[in-house]
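What follows is the content of work-v7.tsv, which has TSV, C-alpha atoms:
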```tsv
chain	number	residue	atom	x	y	z
A	1	MET	CA	-9.77	-2.00	-7.23
A	2	LYS	CA	-7.07	-0.30	-5.14
A	3	ILE	CA	-3.84	1.15	-6.54
A	4	LEU	CA	-0.82	2.97	-5.17
A	5	CYS	CA	-1.20	6.75	-5.46
A	6	GLU	CA	1.73	9.12	-5.75
A	7	ILE	CA	1.93	12.92	-5.67
A	8	SER	CA	3.97	14.43	-8.51
A	9	VAL	CA	5.45	17.71	-7.34
A	10	ARG	CA	6.48	20.30	-9.92
A	11	HIS	CA	9.20	19.02	-12.24
A	12	VAL	CA	10.69	19.32	-15.71
A	13	HIS	CA	11.67	16.90	-18.44
A	14	ILE	CA	14.49	18.27	-20.58
A	15	SER	CA	15.62	17.56	-24.14
A	16	LYS	CA	19.25	16.50	-24.78
A	17	GLU	CA	19.92	19.82	-26.50
A	18	HIS	CA	18.58	21.81	-23.54
A	19	VAL	CA	20.46	19.64	-21.00
A	20	GLU	CA	23.69	20.70	-22.70
A	21	ILE	CA	22.73	24.41	-22.62
A	22	LEU	CA	21.68	24.25	-18.97
A	23	PHE	CA	24.39	21.95	-17.58
A	24	GLY	CA	27.27	21.96	-20.08
A	25	LYS	CA	28.28	20.24	-23.30
A	26	GLY	CA	28.16	16.45	-23.12
A	27	HIS	CA	26.43	16.57	-19.71
A	28	GLN	CA	24.36	13.55	-18.73
A	29	LEU	CA	21.61	13.72	-16.10
A	30	LYS	CA	22.77	12.14	-12.83
A	31	PHE	CA	20.65	9.35	-11.39
A	32	VAL	CA	19.39	9.82	-7.80
A	33	ARG	CA	16.57	7.28	-7.49
A	34	GLU	CA	14.12	5.28	-9.53
A	35	LEU	CA	10.52	6.43	-9.88
A	36	SER	CA	7.55	4.08	-9.95
A	37	GLN	CA	7.46	4.01	-13.75
A	38	PRO	CA	10.21	1.72	-15.12
A	39	GLY	CA	13.17	3.63	-16.62
A	40	GLN	CA	12.13	6.99	-15.17
A	41	PHE	CA	14.33	8.55	-12.51
A	42	LEU	CA	14.83	11.60	-10.32
A	43	ALA	CA	18.00	13.40	-11.40
A	44	SER	CA	20.27	15.40	-9.10
A	45	GLU	CA	20.12	18.49	-11.32
A	46	ARG	CA	17.82	21.38	-10.46
A	47	VAL	CA	16.55	24.33	-12.50
A	48	GLU	CA	14.82	27.65	-11.90
A	49	LEU	CA	11.57	28.49	-13.63
A	50	VAL	CA	11.51	32.15	-14.58
A	51	THR	CA	8.65	34.36	-15.78
A	52	ALA	CA	8.16	38.12	-15.90
A	53	LYS	CA	6.31	37.90	-12.58
A	54	SER	CA	8.49	35.60	-10.47
A	55	THR	CA	10.91	32.71	-10.14
A	56	ILE	CA	10.51	29.25	-8.66
A	57	LYS	CA	13.87	27.83	-7.60
A	58	ASN	CA	15.10	24.32	-7.00
A	59	VAL	CA	12.73	22.56	-9.42
A	60	ALA	CA	13.27	18.81	-9.87
A	61	VAL	CA	14.52	17.35	-13.15
A	62	LEU	CA	13.32	13.89	-14.17
A	63	GLY	CA	15.31	11.65	-16.47
A	64	PRO	CA	15.94	10.32	-18.99
A	65	GLU	CA	16.05	13.15	-21.52
A	66	ARG	CA	12.94	13.57	-23.69
A	67	THR	CA	12.50	14.76	-27.25
A	68	GLN	CA	10.69	17.89	-26.01
A	69	THR	CA	11.36	19.96	-22.91
A	70	GLN	CA	8.23	19.94	-20.73
A	71	VAL	CA	7.41	21.78	-17.50
A	72	GLU	CA	4.75	20.29	-15.19
A	73	ILE	CA	3.51	22.67	-12.50
A	74	SER	CA	0.49	22.96	-10.25
A	75	ARG	CA	-2.23	25.54	-10.66
A	76	THR	CA	-0.91	27.14	-7.46
A	77	ASP	CA	2.42	27.55	-9.27
A	78	CYS	CA	0.62	29.04	-12.29
A	79	PHE	CA	-0.71	31.85	-10.08
A	80	ALA	CA	2.70	32.37	-8.46
A	81	LEU	CA	4.37	32.60	-11.88
A	82	GLY	CA	1.62	34.74	-13.38
A	83	LEU	CA	0.94	32.17	-16.11
A	84	LYS	CA	-2.61	32.25	-17.40
A	85	ASN	CA	-4.33	29.60	-19.48
A	86	VAL	CA	-1.94	26.79	-18.64
A	87	PRO	CA	-3.76	23.75	-20.02
A	88	VAL	CA	-4.55	20.64	-17.98
A	89	ARG	CA	-3.05	18.04	-20.28
A	90	GLN	CA	-1.60	14.60	-20.64
A	91	SER	CA	2.19	14.52	-20.74
A	92	GLY	CA	3.62	15.19	-24.21
A	93	ASN	CA	0.66	17.23	-25.47
A	94	LEU	CA	2.21	20.68	-25.48
A	95	VAL	CA	0.39	22.44	-28.34
A	96	ASP	CA	-0.49	26.06	-27.48
A	97	SER	CA	0.85	25.77	-23.95
A	98	PRO	CA	2.66	28.82	-22.46
A	99	ALA	CA	6.32	29.78	-22.80
A	100	ILE	CA	8.76	29.87	-19.88
A	101	ILE	CA	12.46	30.26	-19.12
A	102	LEU	CA	14.50	27.46	-17.52
A	103	ARG	CA	17.66	28.78	-15.85
A	104	THR	CA	20.74	27.38	-14.13
A	105	GLU	CA	24.06	28.93	-13.14
A	106	LYS	CA	25.46	27.77	-16.50
A	107	GLY	CA	22.80	28.87	-18.91
A	108	GLU	CA	19.19	29.48	-19.75
A	109	VAL	CA	16.64	28.24	-22.26
A	110	LYS	CA	13.42	29.89	-23.28
A	111	ILE	CA	10.86	27.42	-24.53
A	112	ASP	CA	8.04	28.88	-26.63
A	113	SER	CA	5.60	26.32	-25.29
A	114	GLY	CA	5.74	23.39	-22.91
A	115	VAL	CA	4.15	24.42	-19.60
A	116	ILE	CA	1.27	22.19	-18.54
A	117	VAL	CA	-0.69	21.17	-15.48
A	118	ALA	CA	-0.61	17.38	-15.67
A	119	GLN	CA	-4.04	15.82	-16.00
A	120	ARG	CA	-4.44	13.35	-13.16
A	121	HIS	CA	-3.89	9.85	-14.53
A	122	ILE	CA	-3.46	6.19	-13.77
A	123	HIS	CA	-0.55	4.25	-15.19
A	124	MET	CA	-1.35	0.60	-15.83
A	125	ASP	CA	0.60	-2.18	-17.47
A	126	THR	CA	-1.28	-3.98	-20.23
A	127	LYS	CA	-2.00	-7.09	-18.14
A	128	THR	CA	-3.39	-5.18	-15.14
A	129	ALA	CA	-5.59	-3.13	-17.44
A	130	LYS	CA	-6.90	-6.18	-19.27
A	131	ASP	CA	-7.47	-8.19	-16.08
A	132	ASN	CA	-9.49	-5.33	-14.56
A	133	GLY	CA	-11.34	-4.22	-17.68
A	134	PHE	CA	-9.65	-0.83	-18.20
A	135	LYS	CA	-8.68	0.65	-21.58
A	136	ASP	CA	-6.10	3.24	-22.58
A	137	GLY	CA	-7.72	6.69	-22.58
A	138	GLN	CA	-10.66	5.66	-20.41
A	139	ILE	CA	-11.89	8.32	-17.99
A	140	ILE	CA	-12.54	7.10	-14.46
A	141	SER	CA	-12.79	8.46	-10.90
A	142	VAL	CA	-10.51	7.98	-7.93
A	143	LYS	CA	-11.74	7.89	-4.33
A	144	PHE	CA	-9.64	9.12	-1.41
A	145	GLY	CA	-10.35	8.33	2.25
A	146	GLY	CA	-9.30	10.28	5.32
A	147	SER	CA	-10.55	13.41	7.01
A	148	ARG	CA	-10.21	15.44	3.81
A	149	GLY	CA	-11.38	12.65	1.55
A	150	GLY	CA	-13.34	12.88	-1.67
A	151	THR	CA	-13.54	11.69	-5.25
A	152	LEU	CA	-11.64	13.10	-8.23
A	153	ASN	CA	-13.40	12.61	-11.55
A	154	ASN	CA	-11.92	12.91	-15.05
A	155	THR	CA	-8.85	10.83	-14.32
A	156	VAL	CA	-7.40	9.30	-17.48
A	157	VAL	CA	-6.18	5.69	-17.71
A	158	ARG	CA	-2.88	5.27	-19.55
A	159	VAL	CA	-1.95	1.73	-20.55
A	160	HIS	CA	1.51	0.60	-21.70
A	161	ASP	CA	3.54	-2.61	-21.41
A	162	ASN	CA	6.23	-0.67	-19.55
A	163	PHE	CA	3.98	1.03	-17.01
A	164	ALA	CA	3.52	-0.02	-13.41
A	165	PRO	CA	0.14	0.50	-11.69
A	166	ALA	CA	0.10	3.96	-10.05
A	167	VAL	CA	-2.28	6.89	-9.75
A	168	HIS	CA	-0.50	10.21	-10.26
A	169	ILE	CA	-1.97	13.41	-8.86
A	170	ASP	CA	-0.30	16.79	-8.45
A	171	SER	CA	0.50	18.65	-5.25
A	172	ASP	CA	-2.71	20.72	-5.32
A	173	GLU	CA	-4.76	17.56	-5.59
A	174	GLY	CA	-2.75	15.82	-2.87
A	175	ASN	CA	-3.04	18.78	-0.53
A	176	ALA	CA	-6.75	19.34	-1.18
A	177	LEU	CA	-7.47	15.70	-0.35
A	178	GLY	CA	-5.07	15.61	2.62
A	179	PHE	CA	-3.31	12.73	0.91
A	180	CYS	CA	0.20	11.68	1.92
A	181	SER	CA	0.86	8.16	0.66
A	182	GLY	CA	-0.84	4.83	0.20
A	183	GLU	CA	-3.54	3.30	-1.93
A	184	VAL	CA	-6.70	4.80	-3.36
A	185	GLU	CA	-9.82	3.24	-4.77
A	186	ILE	CA	-10.49	3.22	-8.52
A	187	LEU	CA	-14.16	3.73	-9.44
A	188	ALA	CA	-14.84	2.51	-12.97
B	1	MET	CA	-29.33	22.18	-3.85
B	2	LYS	CA	-26.85	24.61	-5.41
B	3	ILE	CA	-24.93	27.27	-3.51
B	4	LEU	CA	-22.35	29.92	-4.34
B	5	CYS	CA	-18.80	28.65	-3.76
B	6	GLU	CA	-15.89	30.92	-2.89
B	7	ILE	CA	-12.16	30.25	-2.57
B	8	SER	CA	-10.59	31.62	0.61
B	9	VAL	CA	-6.96	32.40	-0.07
B	10	ARG	CA	-4.54	32.58	2.84
B	11	HIS	CA	-5.45	35.29	5.35
B	12	VAL	CA	-5.25	36.34	8.96
B	13	HIS	CA	-7.70	37.58	11.56
B	14	ILE	CA	-6.03	39.80	14.14
B	15	SER	CA	-6.89	40.74	17.71
B	16	LYS	CA	-7.18	44.40	18.67
B	17	GLU	CA	-4.02	44.15	20.78
B	18	HIS	CA	-2.04	42.69	17.87
B	19	VAL	CA	-3.45	45.23	15.40
B	20	GLU	CA	-1.90	47.95	17.55
B	21	ILE	CA	1.48	46.20	17.70
B	22	LEU	CA	1.53	45.55	13.95
B	23	PHE	CA	0.05	48.82	12.69
B	24	GLY	CA	0.41	51.36	15.50
B	25	LYS	CA	-1.41	52.45	18.64
B	26	GLY	CA	-5.08	53.21	18.06
B	27	HIS	CA	-4.97	51.84	14.51
B	28	GLN	CA	-8.22	50.61	13.00
B	29	LEU	CA	-8.35	48.15	10.11
B	30	LYS	CA	-9.24	49.93	6.86
B	31	PHE	CA	-12.24	48.63	4.94
B	32	VAL	CA	-11.64	47.66	1.28
B	33	ARG	CA	-14.66	45.55	0.40
B	34	GLU	CA	-17.38	43.44	1.93
B	35	LEU	CA	-17.09	39.66	1.97
B	36	SER	CA	-20.03	37.31	1.48
B	37	GLN	CA	-20.56	36.89	5.21
B	38	PRO	CA	-22.33	39.94	6.68
B	39	GLY	CA	-20.01	42.20	8.67
B	40	GLN	CA	-16.82	40.58	7.44
B	41	PHE	CA	-14.51	42.62	5.23
B	42	LEU	CA	-11.20	42.60	3.40
B	43	ALA	CA	-8.88	45.17	5.01
B	44	SER	CA	-6.19	47.12	3.19
B	45	GLU	CA	-3.50	46.07	5.68
B	46	ARG	CA	-1.09	43.25	4.82
B	47	VAL	CA	1.26	41.17	6.96
B	48	GLU	CA	4.16	38.80	6.46
B	49	LEU	CA	4.04	35.28	7.88
B	50	VAL	CA	7.48	34.30	9.16
B	51	THR	CA	8.87	30.92	10.21
B	52	ALA	CA	12.39	29.57	10.63
B	53	LYS	CA	12.16	28.14	7.11
B	54	SER	CA	10.66	30.96	5.05
B	55	THR	CA	8.43	34.00	4.74
B	56	ILE	CA	5.16	34.56	2.90
B	57	LYS	CA	4.64	38.23	2.13
B	58	ASN	CA	1.57	40.27	1.35
B	59	VAL	CA	-0.93	38.16	3.30
B	60	ALA	CA	-4.49	39.50	3.45
B	61	VAL	CA	-6.02	40.73	6.69
B	62	LEU	CA	-9.75	40.27	7.24
B	63	GLY	CA	-11.76	42.48	9.55
B	64	PRO	CA	-13.23	43.16	11.98
B	65	GLU	CA	-10.76	42.39	14.76
B	66	ARG	CA	-11.28	39.10	16.60
B	67	THR	CA	-10.63	38.05	20.16
B	68	GLN	CA	-7.84	35.70	19.03
B	69	THR	CA	-5.33	36.18	16.22
B	70	GLN	CA	-5.78	33.35	13.72
B	71	VAL	CA	-3.80	32.44	10.60
B	72	GLU	CA	-5.54	30.41	7.87
B	73	ILE	CA	-3.19	28.91	5.27
B	74	SER	CA	-3.29	26.13	2.71
B	75	ARG	CA	-1.44	22.86	3.04
B	76	THR	CA	0.77	24.08	0.19
B	77	ASP	CA	1.68	27.05	2.40
B	78	CYS	CA	2.38	24.68	5.32
B	79	PHE	CA	5.07	22.95	3.24
B	80	ALA	CA	6.51	26.29	2.08
B	81	LEU	CA	6.69	27.54	5.68
B	82	GLY	CA	8.00	24.24	7.05
B	83	LEU	CA	5.04	23.91	9.42
B	84	LYS	CA	4.18	20.34	10.28
B	85	ASN	CA	0.99	19.09	11.89
B	86	VAL	CA	-1.11	22.12	11.08
B	87	PRO	CA	-4.61	20.92	11.95
B	88	VAL	CA	-7.56	21.05	9.55
B	89	ARG	CA	-10.00	22.90	11.76
B	90	GLN	CA	-13.07	25.06	11.96
B	91	SER	CA	-12.34	28.72	12.49
B	92	GLY	CA	-11.80	29.63	16.13
B	93	ASN	CA	-10.61	26.17	17.25
B	94	LEU	CA	-6.93	26.90	17.77
B	95	VAL	CA	-5.96	24.46	20.55
B	96	ASP	CA	-2.55	22.87	19.93
B	97	SER	CA	-2.11	24.58	16.56
B	98	PRO	CA	1.41	25.76	15.61
B	99	ALA	CA	3.09	29.06	16.45
B	100	ILE	CA	4.05	31.67	13.84
B	101	ILE	CA	5.33	35.23	13.59
B	102	LEU	CA	3.25	38.01	11.98
B	103	ARG	CA	5.41	40.92	10.83
B	104	THR	CA	4.92	44.37	9.35
B	105	GLU	CA	7.26	47.33	8.91
B	106	LYS	CA	6.04	48.65	12.27
B	107	GLY	CA	6.26	45.58	14.46
B	108	GLU	CA	5.96	41.88	14.92
B	109	VAL	CA	3.90	39.46	16.98
B	110	LYS	CA	4.69	35.86	17.78
B	111	ILE	CA	1.59	33.84	18.47
B	112	ASP	CA	2.16	30.58	20.36
B	113	SER	CA	-0.71	28.93	18.52
B	114	GLY	CA	-3.23	29.94	15.89
B	115	VAL	CA	-2.20	28.48	12.53
B	116	ILE	CA	-4.86	26.29	10.95
B	117	VAL	CA	-5.91	24.91	7.58
B	118	ALA	CA	-9.58	25.83	7.42
B	119	GLN	CA	-11.89	22.85	7.19
B	120	ARG	CA	-14.04	23.30	4.11
B	121	HIS	CA	-17.45	24.48	5.19
B	122	ILE	CA	-20.81	25.81	4.17
B	123	HIS	CA	-22.23	28.94	5.72
B	124	MET	CA	-26.03	28.94	5.92
B	125	ASP	CA	-28.49	31.30	7.50
B	126	THR	CA	-30.95	29.64	9.83
B	127	LYS	CA	-33.88	29.85	7.41
B	128	THR	CA	-31.98	28.35	4.45
B	129	ALA	CA	-30.73	25.53	6.66
B	130	LYS	CA	-34.21	24.79	8.02
B	131	ASP	CA	-35.90	25.00	4.62
B	132	ASN	CA	-33.39	22.54	3.14
B	133	GLY	CA	-33.07	20.20	6.12
B	134	PHE	CA	-29.50	21.01	7.15
B	135	LYS	CA	-28.23	21.29	10.73
B	136	ASP	CA	-25.29	23.10	12.26
B	137	GLY	CA	-22.31	20.74	12.42
B	138	GLN	CA	-23.70	18.34	9.83
B	139	ILE	CA	-21.09	16.77	7.54
B	140	ILE	CA	-21.99	16.75	3.85
B	141	SER	CA	-20.30	16.52	0.44
B	142	VAL	CA	-19.92	19.12	-2.29
B	143	LYS	CA	-19.84	18.28	-6.00
B	144	PHE	CA	-17.86	20.31	-8.52
B	145	GLY	CA	-18.34	20.12	-12.28
B	146	GLY	CA	-15.87	20.98	-15.02
B	147	SER	CA	-12.89	19.22	-16.54
B	148	ARG	CA	-11.25	18.80	-13.14
B	149	GLY	CA	-14.46	18.08	-11.32
B	150	GLY	CA	-15.04	15.85	-8.33
B	151	THR	CA	-16.66	15.60	-4.93
B	152	LEU	CA	-15.24	16.83	-1.64
B	153	ASN	CA	-16.50	14.93	1.40
B	154	ASN	CA	-16.31	15.96	5.05
B	155	THR	CA	-17.57	19.48	4.50
B	156	VAL	CA	-19.10	20.94	7.65
B	157	VAL	CA	-22.35	22.92	7.68
B	158	ARG	CA	-22.26	26.04	9.85
B	159	VAL	CA	-25.60	27.66	10.63
B	160	HIS	CA	-26.10	31.15	12.06
B	161	ASP	CA	-28.71	33.88	11.71
B	162	ASN	CA	-26.04	36.22	10.38
B	163	PHE	CA	-24.57	33.88	7.75
B	164	ALA	CA	-25.26	34.04	4.02
B	165	PRO	CA	-25.30	30.78	1.98
B	166	ALA	CA	-21.77	30.12	0.68
B	167	VAL	CA	-19.41	27.16	0.40
B	168	HIS	CA	-15.86	28.08	1.41
B	169	ILE	CA	-12.91	26.05	0.15
B	170	ASP	CA	-9.23	26.94	0.27
B	171	SER	CA	-6.87	27.59	-2.64
B	172	ASP	CA	-5.57	24.00	-2.76
B	173	GLU	CA	-9.12	22.71	-3.02
B	174	GLY	CA	-10.05	25.31	-5.64
B	175	ASN	CA	-6.96	24.57	-7.72
B	176	ALA	CA	-7.29	20.80	-7.46
B	177	LEU	CA	-10.88	21.02	-8.68
B	178	GLY	CA	-10.11	23.63	-11.36
B	179	PHE	CA	-12.72	25.85	-9.73
B	180	CYS	CA	-12.85	29.58	-10.41
B	181	SER	CA	-16.26	30.90	-9.42
B	182	GLY	CA	-19.91	29.96	-9.49
B	183	GLU	CA	-22.23	27.50	-7.84
B	184	VAL	CA	-21.63	23.96	-6.65
B	185	GLU	CA	-23.99	21.16	-5.76
B	186	ILE	CA	-24.61	20.17	-2.14
B	187	LEU	CA	-25.01	16.41	-1.62
B	188	ALA	CA	-26.76	15.71	1.67
```
Do you think you could lay out the structure here as structure tokens?
Amino acid sequence: MKILCEISVRHVHISKEHVEILFGKGHQLKFVRELSQPGQFLASERVELVTAKSTIKNVAVLGPERTQTQVEISRTDCFALGLKNVPVRQSGNLVDSPAIILRTEKGEVKIDSGVIVAQRHIHMDTKTAKDNGFKDGQIISVKFGGSRGGTLNNTVVRVHDNFAPAVHIDSDEGNALGFCSGEVEILA
Amino acid sequence: MKILCEISVRHVHISKEHVEILFGKGHQLKFVRELSQPGQFLASERVELVTAKSTIKNVAVLGPERTQTQVEISRTDCFALGLKNVPVRQSGNLVDSPAIILRTEKGEVKIDSGVIVAQRHIHMDTKTAKDNGFKDGQIISVKFGGSRGGTLNNTVVRVHDNFAPAVHIDSDEGNALGFCSGEVEILA
């Protein structure tokens, strides 16, 4: 089975409360373009990620607002920011993840936890999953072609009525595999 | 077969002529520590890599001097520096690779070509290669365990009397695979 693969570069999801601190009272995230997952969008706002060691500027904000502020960075970013023990996790699982500061010209927020490296994953709508014999939470492998090709194991399948089929890897994974865009092969 | 795997972070090899421009006439690279390959060493000198888009500071210099100055960076670095079409190459093959500026407090050198992403490779001494049935130039795969494990194809075997057995991957590959240190499995 082949599925579209997309590279998720570093980004943040922000709670409504933190959006107001960072961008002003009553502020609503501004839509730039849809992402592959229905309802999700790239916003025009940007933030800085600040640690004692360094700062990463111009970090993308994805909308809509979430209940918890969450920072998804690559392991390369972890080294640059001096963050140790950032867990490789599914989105939303933020227990015992490191603290960080989000900063804009208008304000700053320190979150006590919320920094993760996103575990590579495959979004699938319920019908696609059922038709192809995949279950939510299943661990599979993904095969990449090309001159830097290879196979990434331990990729988690996430099934939801509202998902669209897409493999999501981070920038380290995309760069290591020399991947730009296109489809990849799912190995059950 | 299992072999030690090492992550090569971004670094430069510098010609004698360029060492003198960057560090002063008659300067010799200062030894800090041996690397796994006999005769190769980490030097105490550092350079900046400069492009029209950005600068990467504090880049490691490896000794001894080489006949050609060569800059080995990750694909992540390529994006940061705004360098397109950096080839994935074996060390020493610099034809049609991009230009870059190397800078220190004492001087700067613009090389017209010499920036590559190192092709992942396996150093083997002649006896190890013969005993295990590997040939110089052979393309094999390398399997990584762990929670971010996977297999990297298109890894080139390099055989030389003076080599010591070691798989060399770059920081993108190490980060994508969640690799820190240890041995990996060679799949012929």
**OP:** For chain A, work out the contacting residues on chain B at 8 Å, counting all atoms listed in the file, and write them as JSON, numbers by chain.
**Re:** {"B": [75, 76, 147, 148, 149, 150, 151, 152, 153, 154, 171, 172, 173, 175, 176, 177]}
Test item: which residues lie within 9 Å of (-2.1, -3.1, -18.3) counting all atoms listed in the file, as a tab-separated table (two decimals) with C-alpha atoms, in the coordinates of the input:
```tsv
chain	number	residue	atom	x	y	z
A	123	HIS	CA	-0.55	4.25	-15.19
A	124	MET	CA	-1.35	0.60	-15.83
A	125	ASP	CA	0.60	-2.18	-17.47
A	126	THR	CA	-1.28	-3.98	-20.23
A	127	LYS	CA	-2.00	-7.09	-18.14
A	128	THR	CA	-3.39	-5.18	-15.14
A	129	ALA	CA	-5.59	-3.13	-17.44
A	130	LYS	CA	-6.90	-6.18	-19.27
A	131	ASP	CA	-7.47	-8.19	-16.08
A	132	ASN	CA	-9.49	-5.33	-14.56
A	134	PHE	CA	-9.65	-0.83	-18.20
A	135	LYS	CA	-8.68	0.65	-21.58
A	136	ASP	CA	-6.10	3.24	-22.58
A	158	ARG	CA	-2.88	5.27	-19.55
A	159	VAL	CA	-1.95	1.73	-20.55
A	160	HIS	CA	1.51	0.60	-21.70
A	161	ASP	CA	3.54	-2.61	-21.41
A	162	ASN	CA	6.23	-0.67	-19.55
A	163	PHE	CA	3.98	1.03	-17.01
A	164	ALA	CA	3.52	-0.02	-13.41
A	165	PRO	CA	0.14	0.50	-11.69
```
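Note that atom CA of Val167 of chain A and atom CA of Glu185 of chain A are 9.7 Å apart.
Atom pair atom CA of Val32 of chain B / atom CA of Lys110 of chain B has a distance of 26.0 Å (rounded to one decimal).
Remark: for Ser97 of chain B, the closest of the candidate residues B:Glu72, B:His18, B:Glu34, B:His121 is B:Glu72 (distances computed over only C-alpha atoms).
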Could segment 74-86 of chain A be completed with N, CA, C and O atoms and written as an mmCIF file, in the coordinates of the input, please?
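Heads up, here's the output in rebuild-v6.cif:
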```
data_model
loop_
_atom_site.group_PDB
_atom_site.id
_atom_site.type_symbol
_atom_site.label_atom_id
_atom_site.label_comp_id
_atom_site.auth_asym_id
_atom_site.auth_seq_id
_atom_site.Cartn_x
_atom_site.Cartn_y
_atom_site.Cartn_z
ATOM 1 N N SER A 74 1.855 22.970 -10.796
ATOM 2 C CA SER A 74 0.490 22.960 -10.250
ATOM 3 C C SER A 74 -0.192 24.279 -10.610
ATOM 4 O O SER A 74 0.440 25.248 -11.021
ATOM 5 N N ARG A 75 -1.490 24.298 -10.405
ATOM 6 C CA ARG A 75 -2.230 25.540 -10.660
ATOM 7 C C ARG A 75 -1.810 26.615 -9.636
ATOM 8 O O ARG A 75 -1.795 27.805 -9.950
ATOM 9 N N THR A 76 -1.467 26.192 -8.435
ATOM 10 C CA THR A 76 -0.910 27.140 -7.460
ATOM 11 C C THR A 76 0.333 27.807 -8.031
ATOM 12 O O THR A 76 0.510 29.020 -7.937
ATOM 13 N N ASP A 77 1.208 26.993 -8.639
ATOM 14 C CA ASP A 77 2.420 27.550 -9.270
ATOM 15 C C ASP A 77 2.068 28.505 -10.408
ATOM 16 O O ASP A 77 2.754 29.516 -10.608
ATOM 17 N N CYS A 78 1.033 28.167 -11.177
ATOM 18 C CA CYS A 78 0.620 29.040 -12.290
ATOM 19 C C CYS A 78 0.318 30.452 -11.781
ATOM 20 O O CYS A 78 0.739 31.441 -12.377
ATOM 21 N N PHE A 79 -0.410 30.535 -10.652
ATOM 22 C CA PHE A 79 -0.710 31.850 -10.080
ATOM 23 C C PHE A 79 0.578 32.540 -9.627
ATOM 24 O O PHE A 79 0.772 33.731 -9.874
ATOM 25 N N ALA A 80 1.459 31.782 -8.963
ATOM 26 C CA ALA A 80 2.700 32.370 -8.460
ATOM 27 C C ALA A 80 3.553 32.911 -9.607
ATOM 28 O O ALA A 80 4.200 33.950 -9.489
ATOM 29 N N LEU A 81 3.547 32.212 -10.727
ATOM 30 C CA LEU A 81 4.370 32.600 -11.880
ATOM 31 C C LEU A 81 3.644 33.584 -12.803
ATOM 32 O O LEU A 81 4.242 34.077 -13.763
ATOM 33 N N GLY A 82 2.384 33.829 -12.526
ATOM 34 C CA GLY A 82 1.620 34.740 -13.380
ATOM 35 C C GLY A 82 1.321 34.145 -14.747
ATOM 36 O O GLY A 82 1.172 34.872 -15.732
ATOM 37 N N LEU A 83 1.235 32.827 -14.827
ATOM 38 C CA LEU A 83 0.940 32.170 -16.110
ATOM 39 C C LEU A 83 -0.550 31.876 -16.199
ATOM 40 O O LEU A 83 -1.104 31.142 -15.378
ATOM 41 N N LYS A 84 -1.178 32.477 -17.201
ATOM 42 C CA LYS A 84 -2.610 32.250 -17.400
ATOM 43 C C LYS A 84 -2.811 31.195 -18.470
ATOM 44 O O LYS A 84 -1.962 30.999 -19.331
ATOM 45 N N ASN A 85 -3.950 30.547 -18.429
ATOM 46 C CA ASN A 85 -4.330 29.600 -19.480
ATOM 47 C C ASN A 85 -3.345 28.446 -19.654
ATOM 48 O O ASN A 85 -3.103 27.989 -20.764
ATOM 49 N N VAL A 86 -2.759 28.008 -18.552
ATOM 50 C CA VAL A 86 -1.940 26.790 -18.640
ATOM 51 C C VAL A 86 -2.892 25.612 -18.761
ATOM 52 O O VAL A 86 -3.774 25.432 -17.915
#
```
